[in-house]
Structure formats: structure tokens, C-alpha cells
$ cat upload33.txt   # compact mmCIF, C-alpha atoms
# COMPACT_ATOMS: atom_id res chain seq x y z
CA MET A 1 -0.79 -16.95 11.31
CA LEU A 2 -1.96 -17.26 7.72
CA ARG A 3 -0.20 -19.63 5.34
CA LEU A 4 -1.05 -19.61 1.65
CA LYS A 5 -0.01 -22.54 -0.55
CA LEU A 6 -0.27 -23.48 -4.21
CA THR A 7 -0.66 -26.98 -5.61
CA ASP A 8 -1.79 -28.71 -8.79
CA VAL A 9 -2.94 -31.77 -6.81
CA PRO A 10 -6.70 -32.29 -7.36
CA PRO A 11 -8.68 -30.89 -4.40
CA GLU A 12 -10.41 -34.19 -3.61
CA ARG A 13 -6.99 -35.64 -2.70
CA LEU A 14 -6.22 -32.86 -0.22
CA VAL A 15 -7.14 -32.58 3.47
CA GLY A 16 -9.27 -29.61 4.53
CA VAL A 17 -12.63 -27.97 4.07
CA LYS A 18 -13.26 -27.86 0.32
CA VAL A 19 -14.17 -24.53 -1.27
CA LYS A 20 -16.25 -24.76 -4.42
CA ILE A 21 -16.82 -21.76 -6.71
CA PHE A 22 -19.90 -21.58 -8.91
CA LYS A 23 -20.53 -19.18 -11.77
CA ASN A 24 -24.00 -20.56 -12.45
CA LYS A 25 -26.71 -19.70 -9.93
CA ASP A 26 -28.67 -22.90 -10.47
CA ASP A 27 -25.60 -25.07 -9.88
CA PHE A 28 -24.85 -23.15 -6.68
CA VAL A 29 -28.41 -23.55 -5.41
CA GLU A 30 -28.41 -27.26 -6.19
CA PHE A 31 -25.17 -27.73 -4.25
CA ALA A 32 -26.13 -25.43 -1.35
CA SER A 33 -29.65 -26.80 -0.95
CA PRO A 34 -31.59 -26.51 1.32
CA PHE A 35 -29.98 -23.24 2.43
CA TYR A 36 -30.93 -21.25 -0.65
CA THR A 37 -33.58 -21.04 -3.30
CA VAL A 38 -32.86 -19.39 -6.64
CA GLU A 39 -34.87 -16.33 -5.60
CA GLU A 40 -32.88 -15.88 -2.38
CA VAL A 41 -29.38 -16.04 -3.89
CA LYS A 42 -27.55 -12.75 -4.03
CA PRO A 43 -24.40 -12.17 -6.08
CA ASN A 44 -21.23 -13.32 -4.31
CA SER A 45 -23.10 -15.39 -1.70
CA VAL A 46 -21.00 -17.70 0.48
CA VAL A 47 -22.38 -20.56 2.61
CA LYS A 48 -21.03 -23.47 4.65
CA VAL A 49 -22.63 -26.84 3.82
CA LYS A 50 -22.14 -30.53 4.61
CA LYS A 51 -22.28 -33.22 1.95
CA ASP A 52 -21.91 -36.89 2.85
CA GLY A 53 -20.34 -35.93 6.16
CA GLU A 54 -17.70 -33.67 4.59
CA GLY A 55 -17.56 -29.90 5.10
CA TYR A 56 -17.68 -27.50 2.16
CA VAL A 57 -17.77 -23.76 1.58
CA ALA A 58 -19.73 -22.89 -1.54
CA ALA A 59 -19.68 -19.51 -3.28
CA PHE A 60 -21.75 -18.05 -6.10
CA CYS A 61 -19.33 -15.62 -7.75
CA GLU A 62 -20.46 -12.93 -10.17
CA ASP A 63 -17.56 -10.59 -9.32
CA ASP A 64 -14.43 -12.69 -8.80
CA PHE A 65 -12.59 -10.25 -6.50
CA GLU A 66 -15.57 -9.25 -4.38
CA CYS A 67 -16.55 -12.90 -4.01
CA ALA A 68 -13.00 -13.77 -2.97
CA THR A 69 -12.98 -11.15 -0.21
CA SER A 70 -16.23 -12.64 1.12
CA LEU A 71 -14.63 -16.09 1.04
CA GLY A 72 -11.59 -14.84 2.94
CA LYS A 73 -13.77 -13.69 5.85
CA VAL A 74 -15.18 -17.22 6.12
CA LEU A 75 -11.94 -19.13 5.55
CA LYS A 76 -10.06 -17.23 8.27
CA GLN A 77 -12.32 -19.07 10.77
CA LEU A 78 -11.19 -22.48 9.51
CA ARG A 79 -8.00 -24.37 10.33
CA THR A 80 -7.38 -25.70 6.81
CA SER A 81 -9.27 -25.09 3.60
CA VAL A 82 -8.73 -26.12 -0.01
CA VAL A 83 -9.87 -23.67 -2.69
CA ASP A 84 -10.74 -25.43 -5.94
CA LEU A 85 -9.57 -23.19 -8.79
CA THR A 86 -9.25 -25.95 -11.37
CA ASN A 87 -12.11 -24.56 -13.46
CA VAL A 88 -11.31 -20.89 -12.84
CA GLU A 89 -9.79 -19.12 -15.84
CA ASP A 90 -7.89 -16.50 -13.81
CA PRO A 91 -6.85 -17.40 -10.25
CA TYR A 92 -5.38 -13.94 -9.52
CA PRO A 93 -8.49 -12.24 -8.03
CA TYR A 94 -9.28 -15.28 -5.89
CA ILE A 95 -5.82 -15.69 -4.37
CA THR A 96 -5.34 -11.97 -3.68
CA GLY A 97 -8.94 -11.33 -2.60
CA ILE A 98 -8.98 -14.22 -0.14
CA ALA A 99 -5.61 -13.17 1.30
CA LEU A 100 -6.85 -9.60 1.84
CA THR A 101 -9.59 -10.62 4.26
CA ALA A 102 -8.19 -13.86 5.71
CA TRP A 103 -4.96 -12.16 6.86
CA GLU A 104 -4.74 -11.13 10.50
CA PHE A 105 -2.17 -9.19 12.51
CA ASP A 106 -1.83 -11.39 15.59
CA LYS A 107 1.81 -10.81 16.52
CA TYR A 108 0.88 -9.41 19.92
CA LYS A 109 -1.84 -11.92 20.79
CA SER A 110 -0.89 -14.62 23.26
CA GLU A 111 -3.20 -17.07 21.51
CA LYS A 112 -2.66 -17.25 17.77
CA ARG A 113 -4.89 -18.93 15.23
CA GLU A 114 -3.18 -21.10 12.63
CA VAL A 115 -4.91 -20.79 9.27
CA GLU A 116 -3.81 -22.60 6.12
CA ILE A 117 -5.41 -22.00 2.73
CA VAL A 118 -4.37 -24.21 -0.17
CA PHE A 119 -5.18 -23.17 -3.74
CA SER A 120 -5.55 -26.05 -6.18
CA THR A 121 -4.93 -24.76 -9.71
CA PRO A 122 -3.23 -25.91 -12.90
CA ASN A 123 -2.45 -22.28 -13.84
CA LYS A 124 0.87 -22.18 -12.02
CA GLU A 125 2.39 -19.06 -13.60
CA VAL A 126 -0.52 -16.71 -12.84
CA ALA A 127 -1.09 -18.33 -9.44
CA GLN A 128 2.55 -17.85 -8.46
CA GLU A 129 2.43 -14.17 -9.41
CA ALA A 130 -0.81 -13.77 -7.44
CA LEU A 131 0.74 -15.42 -4.40
CA ARG A 132 3.78 -13.13 -4.56
CA HIS A 133 1.50 -10.09 -4.88
CA ALA A 134 -0.52 -11.26 -1.87
CA GLU A 135 2.66 -11.79 0.16
CA ALA A 136 3.86 -8.29 -0.75
CA GLN A 137 0.63 -6.74 0.45
CA MET A 138 0.70 -8.80 3.65
CA PHE A 139 4.25 -7.62 4.38
CA ALA A 140 3.17 -4.00 3.81
CA ARG A 141 0.29 -4.62 6.23
CA ASP A 142 2.64 -6.15 8.79
CA LEU A 143 4.72 -2.97 8.70
CA ALA A 144 1.76 -0.59 8.82
CA SER A 145 0.12 -2.52 11.68
CA GLU A 146 3.16 -2.42 13.97
CA PRO A 147 2.65 -0.16 17.00
CA PRO A 148 4.74 3.03 17.12
CA ASN A 149 6.70 1.88 20.18
CA VAL A 150 8.06 -0.93 17.96
CA LEU A 151 8.35 0.55 14.46
CA ASN A 152 10.17 3.86 14.14
CA PRO A 153 12.76 5.48 11.82
CA LYS A 154 15.48 3.23 13.25
CA THR A 155 13.66 -0.11 13.30
CA PHE A 156 11.90 0.25 9.92
CA PRO A 157 15.17 -0.13 7.96
CA GLU A 158 16.20 -3.00 10.24
CA ARG A 159 12.97 -4.83 9.44
CA VAL A 160 13.54 -4.33 5.72
CA MET A 161 17.16 -5.50 5.93
CA GLU A 162 15.99 -8.76 7.49
CA LYS A 163 13.82 -9.34 4.43
CA VAL A 164 16.40 -8.53 1.74
CA LYS A 165 18.79 -11.30 2.77
CA GLY A 166 19.42 -13.49 -0.26
CA LEU A 167 17.80 -11.01 -2.67
CA PRO A 168 19.63 -8.91 -5.28
CA ILE A 169 18.82 -5.67 -3.45
CA GLU A 170 21.31 -3.11 -2.15
CA VAL A 171 20.29 -1.18 0.97
CA GLU A 172 21.68 2.17 2.10
CA VAL A 173 20.54 4.09 5.18
CA LEU A 174 21.35 7.77 5.62
CA ASP A 175 21.35 8.61 9.34
CA GLU A 176 21.08 12.02 10.98
CA ASN A 177 24.70 12.96 10.29
CA ASP A 178 24.42 11.86 6.66
CA LEU A 179 21.24 13.89 6.22
CA LYS A 180 22.94 16.99 7.62
CA LYS A 181 25.94 16.47 5.34
CA GLU A 182 23.70 16.01 2.28
CA GLY A 183 21.41 18.92 3.17
CA LEU A 184 18.04 17.17 3.58
CA GLU A 185 16.91 19.85 6.00
CA LEU A 186 13.15 19.35 5.55
CA LEU A 187 13.41 15.71 6.57
CA LEU A 188 15.61 16.67 9.51
CA ALA A 189 13.15 19.39 10.59
CA VAL A 190 10.15 17.06 10.72
CA GLY A 191 12.09 14.53 12.80
CA LYS A 192 13.63 17.02 15.23
CA GLY A 193 10.89 16.63 17.83
CA SER A 194 11.59 12.93 18.33
CA ASP A 195 14.31 11.19 20.33
CA VAL A 196 14.63 8.79 17.36
CA PRO A 197 16.32 10.79 14.58
CA PRO A 198 15.02 10.61 11.00
CA ARG A 199 16.56 8.48 8.29
CA LEU A 200 16.44 8.01 4.56
CA LEU A 201 16.23 4.37 3.49
CA ILE A 202 17.35 3.65 -0.08
CA MET A 203 16.73 0.28 -1.75
CA ARG A 204 18.24 -0.57 -5.14
CA TYR A 205 17.23 -3.50 -7.33
CA TYR A 206 18.86 -3.84 -10.74
CA GLY A 207 16.88 -6.29 -12.85
CA GLY A 208 17.67 -4.71 -16.21
CA GLY A 209 15.34 -2.64 -18.37
CA GLU A 210 13.91 0.80 -17.64
CA LYS A 211 15.30 2.92 -14.80
CA LEU A 212 12.45 3.68 -12.41
CA ALA A 213 12.16 5.15 -8.92
CA MET A 214 9.65 4.97 -6.09
CA VAL A 215 9.28 7.28 -3.10
CA GLY A 216 7.08 6.43 -0.09
CA LYS A 217 6.03 8.59 2.85
CA GLY A 218 7.37 7.10 6.08
CA VAL A 219 5.99 9.04 9.04
CA THR A 220 6.04 6.26 11.62
CA PHE A 221 3.89 8.29 14.00
CA ASP A 222 2.21 11.60 13.35
CA ALA A 223 1.08 13.61 16.37
CA GLY A 224 0.88 16.72 14.19
CA GLY A 225 3.83 18.52 15.76
CA TYR A 226 2.94 21.87 17.31
CA ASN A 227 -0.21 21.89 15.21
CA LEU A 228 -1.18 19.03 17.49
CA LYS A 229 -3.87 16.65 16.32
CA PRO A 230 -6.90 16.07 18.56
CA ALA A 231 -6.76 12.66 20.24
CA ASN A 232 -9.26 11.01 17.90
CA TYR A 233 -7.24 12.20 14.88
CA MET A 234 -4.10 10.54 16.25
CA LYS A 235 -5.77 7.14 16.03
CA ASN A 236 -4.10 5.02 13.33
CA MET A 237 -1.25 7.50 12.89
CA HIS A 238 1.19 4.62 13.39
CA ALA A 239 0.09 3.73 9.83
CA ASP A 240 1.01 7.13 8.40
CA MET A 241 3.94 5.25 6.88
CA SER A 242 1.68 3.14 4.65
CA GLY A 243 3.22 4.64 1.51
CA ALA A 244 6.67 3.64 2.75
CA ALA A 245 5.40 0.15 3.58
CA ALA A 246 3.94 -0.31 0.10
CA VAL A 247 7.12 0.93 -1.59
CA ALA A 248 9.38 -1.30 0.53
CA ALA A 249 7.17 -4.33 -0.10
CA ALA A 250 6.94 -3.67 -3.84
CA THR A 251 10.73 -3.34 -4.07
CA LEU A 252 11.30 -6.62 -2.22
CA TYR A 253 8.83 -8.51 -4.36
CA ALA A 254 10.00 -6.95 -7.62
CA ALA A 255 13.22 -8.80 -6.88
CA LYS A 256 11.41 -12.01 -5.91
CA LEU A 257 9.45 -11.84 -9.18
CA ASN A 258 12.62 -11.06 -11.16
CA LEU A 259 10.96 -8.07 -12.80
CA ASN A 260 12.96 -6.67 -15.70
CA VAL A 261 13.39 -3.15 -14.31
CA ASN A 262 16.14 -1.13 -12.65
CA LEU A 263 14.50 0.22 -9.52
CA GLU A 264 15.62 2.66 -6.84
CA SER A 265 13.31 3.29 -3.90
CA TYR A 266 13.62 6.21 -1.47
CA ILE A 267 11.85 6.04 1.88
CA PRO A 268 12.14 9.10 4.17
CA LEU A 269 11.41 8.12 7.79
CA ALA A 270 10.51 10.41 10.68
CA GLU A 271 8.29 10.82 13.74
CA ASN A 272 6.33 14.08 13.87
CA LEU A 273 6.28 14.88 17.60
CA ILE A 274 6.65 17.77 20.04
CA SER A 275 9.68 18.82 22.06
CA GLY A 276 11.85 21.89 22.66
CA ARG A 277 13.72 20.95 19.48
CA ALA A 278 10.65 20.47 17.29
CA TYR A 279 10.08 22.62 14.23
CA LYS A 280 7.42 25.31 14.46
CA MET A 281 4.88 27.26 12.47
CA GLU A 282 6.49 30.23 10.70
CA ASP A 283 9.89 28.49 10.40
CA ILE A 284 11.53 28.85 6.99
CA ILE A 285 13.68 25.87 6.02
CA ARG A 286 15.99 25.26 3.09
CA SER A 287 15.13 22.08 1.20
CA TYR A 288 17.58 19.71 -0.47
CA SER A 289 16.56 21.24 -3.81
CA GLY A 290 17.65 24.69 -2.62
CA LYS A 291 14.10 26.09 -2.41
CA TYR A 292 13.07 27.66 0.88
CA VAL A 293 9.84 26.43 2.46
CA HIS A 294 7.71 28.35 4.93
CA ILE A 295 6.02 26.17 7.53
CA GLY A 296 2.36 27.15 7.61
CA ASN A 297 1.33 23.98 9.45
CA THR A 298 3.51 21.38 11.17
CA ASP A 299 0.82 18.75 10.51
CA ALA A 300 1.53 19.03 6.77
CA GLU A 301 4.76 17.15 7.40
CA GLY A 302 4.50 14.32 4.88
CA ARG A 303 4.99 16.62 1.91
CA LEU A 304 8.11 18.04 3.54
CA ILE A 305 9.94 14.73 3.95
CA LEU A 306 8.78 13.68 0.48
CA ALA A 307 10.04 16.93 -1.03
CA ASP A 308 13.59 16.18 0.08
CA ALA A 309 13.35 12.52 -0.94
CA LEU A 310 11.97 13.40 -4.39
CA ALA A 311 14.69 15.94 -5.03
CA TYR A 312 17.29 13.42 -3.84
CA ALA A 313 15.86 10.78 -6.21
CA LYS A 314 16.43 13.16 -9.15
CA ARG A 315 20.17 12.61 -8.89
CA SER A 316 19.97 9.19 -10.56
CA SER A 317 17.77 10.49 -13.44
CA PRO A 318 15.01 7.85 -13.39
CA LYS A 319 12.73 7.61 -16.41
CA VAL A 320 9.62 7.72 -14.17
CA THR A 321 9.29 8.33 -10.42
CA PHE A 322 6.29 7.01 -8.47
CA THR A 323 5.22 8.41 -5.11
CA LEU A 324 2.81 6.87 -2.59
CA ALA A 325 1.66 8.78 0.48
CA THR A 326 -1.14 9.03 3.01
CA LEU A 327 -0.98 12.75 2.41
CA THR A 328 -4.36 14.45 2.80
CA GLY A 329 -7.73 14.02 4.44
CA ALA A 330 -8.99 15.96 1.42
CA GLN A 331 -8.43 12.84 -0.71
CA ILE A 332 -10.90 10.96 1.50
CA ILE A 333 -13.43 13.80 1.21
CA ALA A 334 -13.12 13.72 -2.57
CA LEU A 335 -12.94 9.98 -3.29
CA GLY A 336 -13.74 8.11 -0.07
CA TYR A 337 -11.94 5.02 1.15
CA ASP A 338 -12.11 2.81 -1.93
CA ILE A 339 -10.34 5.04 -4.45
CA ALA A 340 -6.90 6.68 -4.47
CA ALA A 341 -6.21 10.02 -6.13
CA LEU A 342 -3.88 9.63 -9.11
CA TYR A 343 -1.74 12.51 -10.40
CA ALA A 344 0.68 12.29 -13.31
CA THR A 345 2.72 14.67 -15.42
CA HIS A 346 2.53 12.33 -18.46
CA ASP A 347 -0.61 10.66 -19.79
CA GLU A 348 1.14 7.43 -20.77
CA ASP A 349 2.31 6.83 -17.20
CA ALA A 350 -1.15 7.51 -15.79
CA GLU A 351 -2.59 5.06 -18.28
CA LYS A 352 -0.15 2.36 -17.18
CA VAL A 353 -1.21 2.80 -13.54
CA GLU A 354 -4.88 2.74 -14.54
CA GLU A 355 -4.34 -0.48 -16.51
CA ALA A 356 -2.52 -2.08 -13.57
CA SER A 357 -5.35 -0.94 -11.29
CA LYS A 358 -7.85 -2.95 -13.32
CA ARG A 359 -5.73 -6.03 -12.68
CA THR A 360 -5.25 -5.60 -8.94
CA LYS A 361 -8.65 -3.99 -8.18
CA GLU A 362 -6.89 -1.16 -6.33
CA LEU A 363 -9.02 1.65 -7.67
CA VAL A 364 -7.60 5.00 -8.80
CA TRP A 365 -9.13 8.18 -10.21
CA ARG A 366 -7.01 10.69 -12.07
CA MET A 367 -7.02 14.20 -10.65
CA PRO A 368 -5.75 17.41 -12.28
CA LEU A 369 -2.43 19.09 -11.57
CA TYR A 370 -4.19 22.41 -12.00
CA GLU A 371 -1.38 24.96 -12.10
CA LYS A 372 -3.56 27.96 -11.19
CA TYR A 373 -3.97 26.53 -7.67
CA LYS A 374 -0.21 26.88 -7.17
CA GLU A 375 -0.96 30.50 -6.25
CA GLU A 376 -2.21 29.08 -2.93
CA LEU A 377 1.35 28.06 -2.02
CA LYS A 378 2.91 31.50 -2.51
CA HIS A 379 4.54 33.17 0.49
CA PRO A 380 6.05 36.67 0.76
CA SER A 381 9.17 35.51 2.63
CA ALA A 382 9.92 32.10 1.08
CA ASP A 383 9.77 30.30 -2.23
CA LEU A 384 6.57 28.55 -1.13
CA SER A 385 4.54 27.53 1.90
CA ASN A 386 3.76 23.93 2.80
CA VAL A 387 -0.01 24.58 2.92
CA GLY A 388 -2.54 26.55 0.91
CA LYS A 389 -4.35 29.63 2.13
CA GLY A 390 -7.82 28.07 2.24
CA ARG A 391 -9.55 24.71 2.71
CA GLY A 392 -10.39 23.94 -0.91
CA ALA A 393 -8.66 21.47 -3.25
CA GLY A 394 -6.42 20.14 -0.48
CA SER A 395 -5.30 17.01 -2.31
CA ILE A 396 -4.50 18.91 -5.51
CA ILE A 397 -2.54 21.58 -3.63
CA GLY A 398 -0.57 18.86 -1.84
CA ALA A 399 0.27 17.33 -5.21
CA LEU A 400 1.31 20.71 -6.62
CA PHE A 401 3.63 21.24 -3.65
CA LEU A 402 5.33 17.89 -4.30
CA LYS A 403 5.56 18.59 -8.03
CA GLU A 404 7.87 21.53 -7.24
CA PHE A 405 10.49 19.02 -6.07
CA ALA A 406 9.73 15.95 -8.17
CA PRO A 407 11.53 14.70 -11.28
CA GLU A 408 9.91 15.88 -14.51
CA ARG A 409 8.21 12.55 -15.29
CA TRP A 410 6.28 11.82 -12.13
CA VAL A 411 3.29 9.81 -10.90
CA TYR A 412 1.79 10.41 -7.47
CA LEU A 413 -0.87 8.48 -5.55
CA ASP A 414 -2.57 10.09 -2.54
CA ILE A 415 -3.63 6.93 -0.68
CA ALA A 416 -4.97 8.35 2.59
CA GLY A 417 -8.36 6.67 2.14
CA PRO A 418 -7.54 3.22 0.78
CA ALA A 419 -4.57 2.77 3.13
CA MET A 420 -6.93 3.30 6.09
CA ALA A 421 -10.06 1.72 4.61
CA HIS A 422 -10.46 -0.56 7.62
CA GLU A 423 -11.66 2.53 9.49
CA ALA A 424 -14.64 2.71 7.14
CA ASN A 425 -15.17 -1.07 7.34
CA ALA A 426 -14.62 -1.33 3.59
CA TRP A 427 -15.95 -4.60 2.17
CA TRP A 428 -12.60 -5.53 0.62
CA CYS A 429 -10.37 -5.35 3.68
CA SER A 430 -9.94 -6.77 7.16
CA PRO A 431 -9.84 -4.54 10.27
CA TYR A 432 -6.20 -3.45 9.89
CA PRO A 433 -4.23 -1.01 7.71
CA THR A 434 -4.62 -2.39 4.20
CA GLY A 435 -1.15 -2.36 2.62
CA TRP A 436 -2.82 -0.72 -0.39
CA GLY A 437 -0.52 -0.02 -3.31
CA ALA A 438 2.02 -2.84 -2.97
CA ARG A 439 0.26 -4.98 -5.59
CA LEU A 440 -0.57 -1.97 -7.73
CA MET A 441 3.09 -0.96 -7.88
CA LEU A 442 4.18 -4.49 -8.82
CA ALA A 443 1.60 -4.61 -11.61
CA THR A 444 2.63 -1.11 -12.76
CA LEU A 445 6.34 -1.95 -12.78
CA LYS A 446 5.52 -4.95 -14.94
CA GLU A 447 3.95 -2.55 -17.49
CA TYR A 448 7.45 -1.05 -18.02
CA GLN A 449 9.20 -4.35 -18.80
$ encode --input "upload33.txt" --output "C-alpha cells"
Amino acid sequence: MLRLKLTDVPPERLVGVKVKIFKNKDDFVEFASPFYTVEEVKPNSVVKVKKDGEGYVAAFCEDDFECATSLGKVLKQLRTSVVDLTNVEDPYPYITGIALTAWEFDKYKSEKREVEIVFSTPNKEVAQEALRHAEAQMFARDLASEPPNVLNPKTFPERVMEKVKGLPIEVEVLDENDLKKEGLELLLAVGKGSDVPPRLLIMRYYGGGEKLAMVGKGVTFDAGGYNLKPANYMKNMHADMSGAAAVAAATLYAAKLNLNVNLESYIPLAENLISGRAYKMEDIIRSYSGKYVHIGNTDAEGRLILADALAYAKRSSPKVTFTLATLTGAQIIALGYDIAALYATHDEDAEKVEEASKRTKELVWRMPLYEKYKEELKHPSADLSNVGKGRGAGSIIGALFLKEFAPERWVYLDIAGPAMAHEANAWWCSPYPTGWGARLMLATLKEYQ
């Protein structure tokens, strides 16, 4: 279990392995001697040393965030450590970067390691925000790391409701009967193959200010339906709800941070499995919006449940709606595991996300909503199909499908790569689903205050 603490007590008065951060290479080498010479030091080097019988971890930091992620990998091996941030101008990248790689999902291990990291800093306001952001991401990772026999469309809302106690957040859960009554037939279709019916989780936080909405894809396990995934492609599909996890976490911590926004979050939850009831290729289903959708592939299920949730979110007329989803493998082909694909109908909203991204180091790259590609979604018997005709531009075509159902002012992040970056052994994450997007959404929401 990882515990993160803040204090303004000087580090020399605290118990634990002291962590010293150096910006000057010569100072680092002098402290770390005899382990390094100036010629041997690489940027963001981290080393354990002993001085006068006391243990230290020393780091030479050129890039604050990258250095912090290297530190986290070392500090997770220690019982207690004290990170000296007294001379650091901005503690945010250190607190969040260390948390990213020191965190561990050990709920199902019989032997658990207790790790405590104390940050000594006089910059309380920034440090407190950083700690809340780190906690949000760790909660998103807790959700995304749960095995599918534990977390499903029923237990996901229960887990969230445990966390909202004492917070100014209203929670509503639409069950199978509610979904039928409301007409969210796409969400119902995707969940029909499971013995655990789908749900729509709605979280409302009214902190004043702009009216905003978030929508997160919550497929708690994706076998592909009748377009069954090969076994190796089912690996990690318990984390196909990473968008939902990030949205839930960001909503919870928006309240904890008292952000000055009015926020409604919509999280459609379903398992995409096989049974005699499951939906099939060539089905045509009426969406909540009234548009009919042809099912060209049952493994393109995320866009279906999001389509109904996006159309449902329109009812409250939010100024801007944000969507996070592990939607396409095409995003990984285009941008890899470090960078999410960003789509937006308005430049000013894209710019706010890009600015927030610089703060949190969750990288985004804006992609085009190229309308000509919408031809790929045409179908002779329905308003549109859920997949394109070919293999090209998969992430863009997925975004164009969602745009058909989204509110007019809309921002969408395809996070398939960064949410699963542990698979690529990305330098900035530990070997678990990353919880990517929780901090980015909190920083973005702050841009609308």
C-alpha cells in the first residue's frame, strides 16, 4: 500500500531515507561520489548512497517529470522516504511523477508492502493540488486494475458510491429497466450477452460556474462479442473501462478540490460477451438519438454505448462535453502509447486541453474530424454503420461516428494507447493500467473556472 504525505517540516527532522534533488550536475556528482564522475552522469540519473551512516537517494534532474518517475521506481522499494522539495520551484511534477511509478496494485497479494513517501515542501497550495491529482489517478488505476470477476456493470457504481460519501456529488444509476424505458437501445444491445445487465452511471457535482459534461467508456470486459477477439487480444480487456475510471475519478476529485464548475458525468457500463441473447453482426438498432445503427462489427462496441450516453448527456445542454475512451487500436498505430488522439469541434476547447496537457504531462496530439471520411459509415439499410468499410483512418472514423451523437461543442480523447501503456513498458508508468486522463481532466476543468 502506498501512502503519500505532505509536510512543511524540514526533511532533516523527519524519519526515512532522504531524497535529494540536484539541478546542477557537479553538485550531484560531488554528493554521489564515488558512484559517478561528471562524464558518466546521464540526465535524470538516480542513485542510492550512504553519507555518515545515513541512507540517501540522490537524483540529477534535467526533466522534472521524467526524473520523478525514475525516483518512484526506486522509492517503491523503500519502507519510508522523505523527498526534499524545499528548493524546488514547482512540486507538481515530482509528486505526481513519483506516485505514477511508486503505486502498486497489491489488493490480491497475500503479502503487501507498506510504502510511505513524505514530501517536504513549503509550497502547500500547489503540493496539495498535486497530491489530489495523484490520488485521482491512483483511484482510476485501482478501478482499471480490478479483475473482471470483481468489477462489472453492477459493482462499478457501488465502488463509486462508496467514494462519494461526504462529498457534494449526486449519484443516479439507470438499471436495465430504466434503460429500456428511456430508449438507450445501443447500450442495452452491447450488454445483452452478459448475465450482468448494463447500467448508466450518472454523477452530478454542482460547484458553480460553467456547465460541463464528461462521458467515459465503461466496457468492464470486452471479449469482442460474436466478432470474438483472439485470446491474446483479450488480455487487459478488463481495463477497457479506463475512460470510465478516469471520468469517475476526475468527478470525485473535482469535488474534493472544490472546482468552480457544474459537472455532470455519464458512464455507460456493459460487458461485451457471447450468449444466445447477444447482439450480432447485421443487426440494426435504434439509438437513443433516434438514428438507426447497423452493426458491422460487434467488437466496435465502445462507440455504441458512448453514442447513447452522449445523446443522453445532450438533455442538460452542457457548454462543453468531454469524452474519454479506449476506442481504437488505430490510435496506437498512429500515435503509440505515450500520446492520446485529441478531437474537438471548437479550437478554444482543444487549446484548453493542450494547455492542461503541458501541466500534467499527459501528452495529446490533435487529429482532424475530416468530414469526407464520414462516407465510410454509410449503410444502405440504416442511418450509419458502426464501422468503416476499410482499414484506414480507424481512429478518425471512430471519432466521426461519435460526433453524430455528441453535443455540438465536444472534445474527445481516444486513449487506447496511454491507458494501456504498461503493455509497452512505457518509462512513465508502472506495470498496471495507467489511469491516464484523470489528472488531465482535472487540469482541463480548472481552465473553465
$ atom_distance --input "upload33.txt" --atom1 "CA of Glu116 in chain A" --atom2 "CA of Val29 in chain A"
27.2 Å
$ residues_around --input "upload33.txt" --residues "Glu282 in chain A" --least-positions-apart "3" --cutoff "12 Å" --atoms "all atoms listed in the file" --output "list in words"
Tyr226, Asn227, Tyr279, Ile285, Val293, His294, Ile295, Gly296, Asn297, Thr298, His379, Pro380, Ser381, Ala382, Leu384, Ser385, Asn386 and Val387 of chain A
$ atom_distance --input "upload33.txt" --atom1 "CA of Leu174 in chain A" --atom2 "CA of Leu143 in chain A"
20.0 Å
$ atom_distance --input "upload33.txt" --atom1 "CA of Leu188 in chain A" --atom2 "CA of Gly302 in chain A"
12.3 Å
$ residues_around --input "upload33.txt" --residues "Ser289 in chain A" --least-positions-apart "4" --cutoff "10 Å" --atoms "all atoms listed in the file" --output "MDAnalysis selection string"
chainID A and resid 183:185 307:312 314 404:406
$ closest_atom_pairs --input "upload33.txt" --of "range 126-215 of chain A" --to "range 417-425 of chain A" --cutoff "12 Å" --atoms "all atoms listed in the file" --output "CSV"
residue,atom,partner,partner_atom,distance
A:Gln137,CA,A:Ala419,CA,11.2
A:Ala140,CA,A:Ala419,CA,10.3
A:Arg141,CA,A:Ala419,CA,9.4
A:Ala144,CA,A:Ala419,CA,9.2
A:Ser145,CA,A:Met420,CA,10.7
$ residues_around --input "upload33.txt" --residues "range 349-362 of chain A" --least-positions-apart "5" --cutoff "9 Å" --atoms "all atoms listed in the file" --output "compact mmCIF listing (two decimals) with C-alpha atoms, in the coordinates of the input"
# COMPACT_ATOMS: atom_id res chain seq x y z
CA PHE A 65 -12.59 -10.25 -6.50
CA TYR A 92 -5.38 -13.94 -9.52
CA PRO A 93 -8.49 -12.24 -8.03
CA THR A 96 -5.34 -11.97 -3.68
CA VAL A 320 9.62 7.72 -14.17
CA ASP A 338 -12.11 2.81 -1.93
CA ILE A 339 -10.34 5.04 -4.45
CA ALA A 340 -6.90 6.68 -4.47
CA LEU A 342 -3.88 9.63 -9.11
CA TYR A 343 -1.74 12.51 -10.40
CA ALA A 344 0.68 12.29 -13.31
CA ARG A 409 8.21 12.55 -15.29
CA TRP A 410 6.28 11.82 -12.13
CA VAL A 411 3.29 9.81 -10.90
CA PRO A 418 -7.54 3.22 0.78
CA TRP A 436 -2.82 -0.72 -0.39
CA GLY A 437 -0.52 -0.02 -3.31
CA ARG A 439 0.26 -4.98 -5.59
CA LEU A 440 -0.57 -1.97 -7.73
CA MET A 441 3.09 -0.96 -7.88
CA LEU A 442 4.18 -4.49 -8.82
CA ALA A 443 1.60 -4.61 -11.61
CA THR A 444 2.63 -1.11 -12.76
CA LEU A 445 6.34 -1.95 -12.78
CA LYS A 446 5.52 -4.95 -14.94
CA GLU A 447 3.95 -2.55 -17.49
CA TYR A 448 7.45 -1.05 -18.02
$ closest_residue --input "upload33.txt" --among "A:Lys23, A:Lys42, A:Lys217, A:Lys107" --to "Leu2 in chain A" --atoms "only C-alpha atoms"
A:Lys107
$ residues_near_point --input "upload33.txt" --point "(6.3, 8.5, 10.9)" --cutoff "7 Å" --atoms "only C-alpha atoms" --output "PDB file with C-alpha atoms, in the frame of the given file"
ATOM      1  CA  ASN A 152      10.170   3.860  14.140  1.00  0.00           C
ATOM      2  CA  GLY A 218       7.370   7.100   6.080  1.00  0.00           C
ATOM      3  CA  VAL A 219       5.990   9.040   9.040  1.00  0.00           C
ATOM      4  CA  THR A 220       6.040   6.260  11.620  1.00  0.00           C
ATOM      5  CA  PHE A 221       3.890   8.290  14.000  1.00  0.00           C
ATOM      6  CA  ASP A 222       2.210  11.600  13.350  1.00  0.00           C
ATOM      7  CA  HIS A 238       1.190   4.620  13.390  1.00  0.00           C
ATOM      8  CA  ASP A 240       1.010   7.130   8.400  1.00  0.00           C
ATOM      9  CA  MET A 241       3.940   5.250   6.880  1.00  0.00           C
ATOM     10  CA  LEU A 269      11.410   8.120   7.790  1.00  0.00           C
ATOM     11  CA  ALA A 270      10.510  10.410  10.680  1.00  0.00           C
ATOM     12  CA  GLU A 271       8.290  10.820  13.740  1.00  0.00           C
ATOM     13  CA  ASN A 272       6.330  14.080  13.870  1.00  0.00           C
TER      14      ASN A 272
END
$ residues_around --input "upload33.txt" --residues "Val126 in chain A" --least-positions-apart "2" --cutoff "9 Å" --atoms "only C-alpha atoms" --output "PyMOL selection string"
chain A and resi 90-92+123-124+128-131
$ residues_around --input "upload33.txt" --residues "Trp428 in chain A" --least-positions-apart "6" --cutoff "7 Å" --atoms "all atoms listed in the file" --output "ChimeraX atom specification"
/A:66,69,101
$ closest_residue --input "upload33.txt" --among "A:Glu264, A:Glu176, A:Glu54, A:Glu30" --to "Val15 in chain A" --atoms "all atoms listed in the file"
A:Glu54
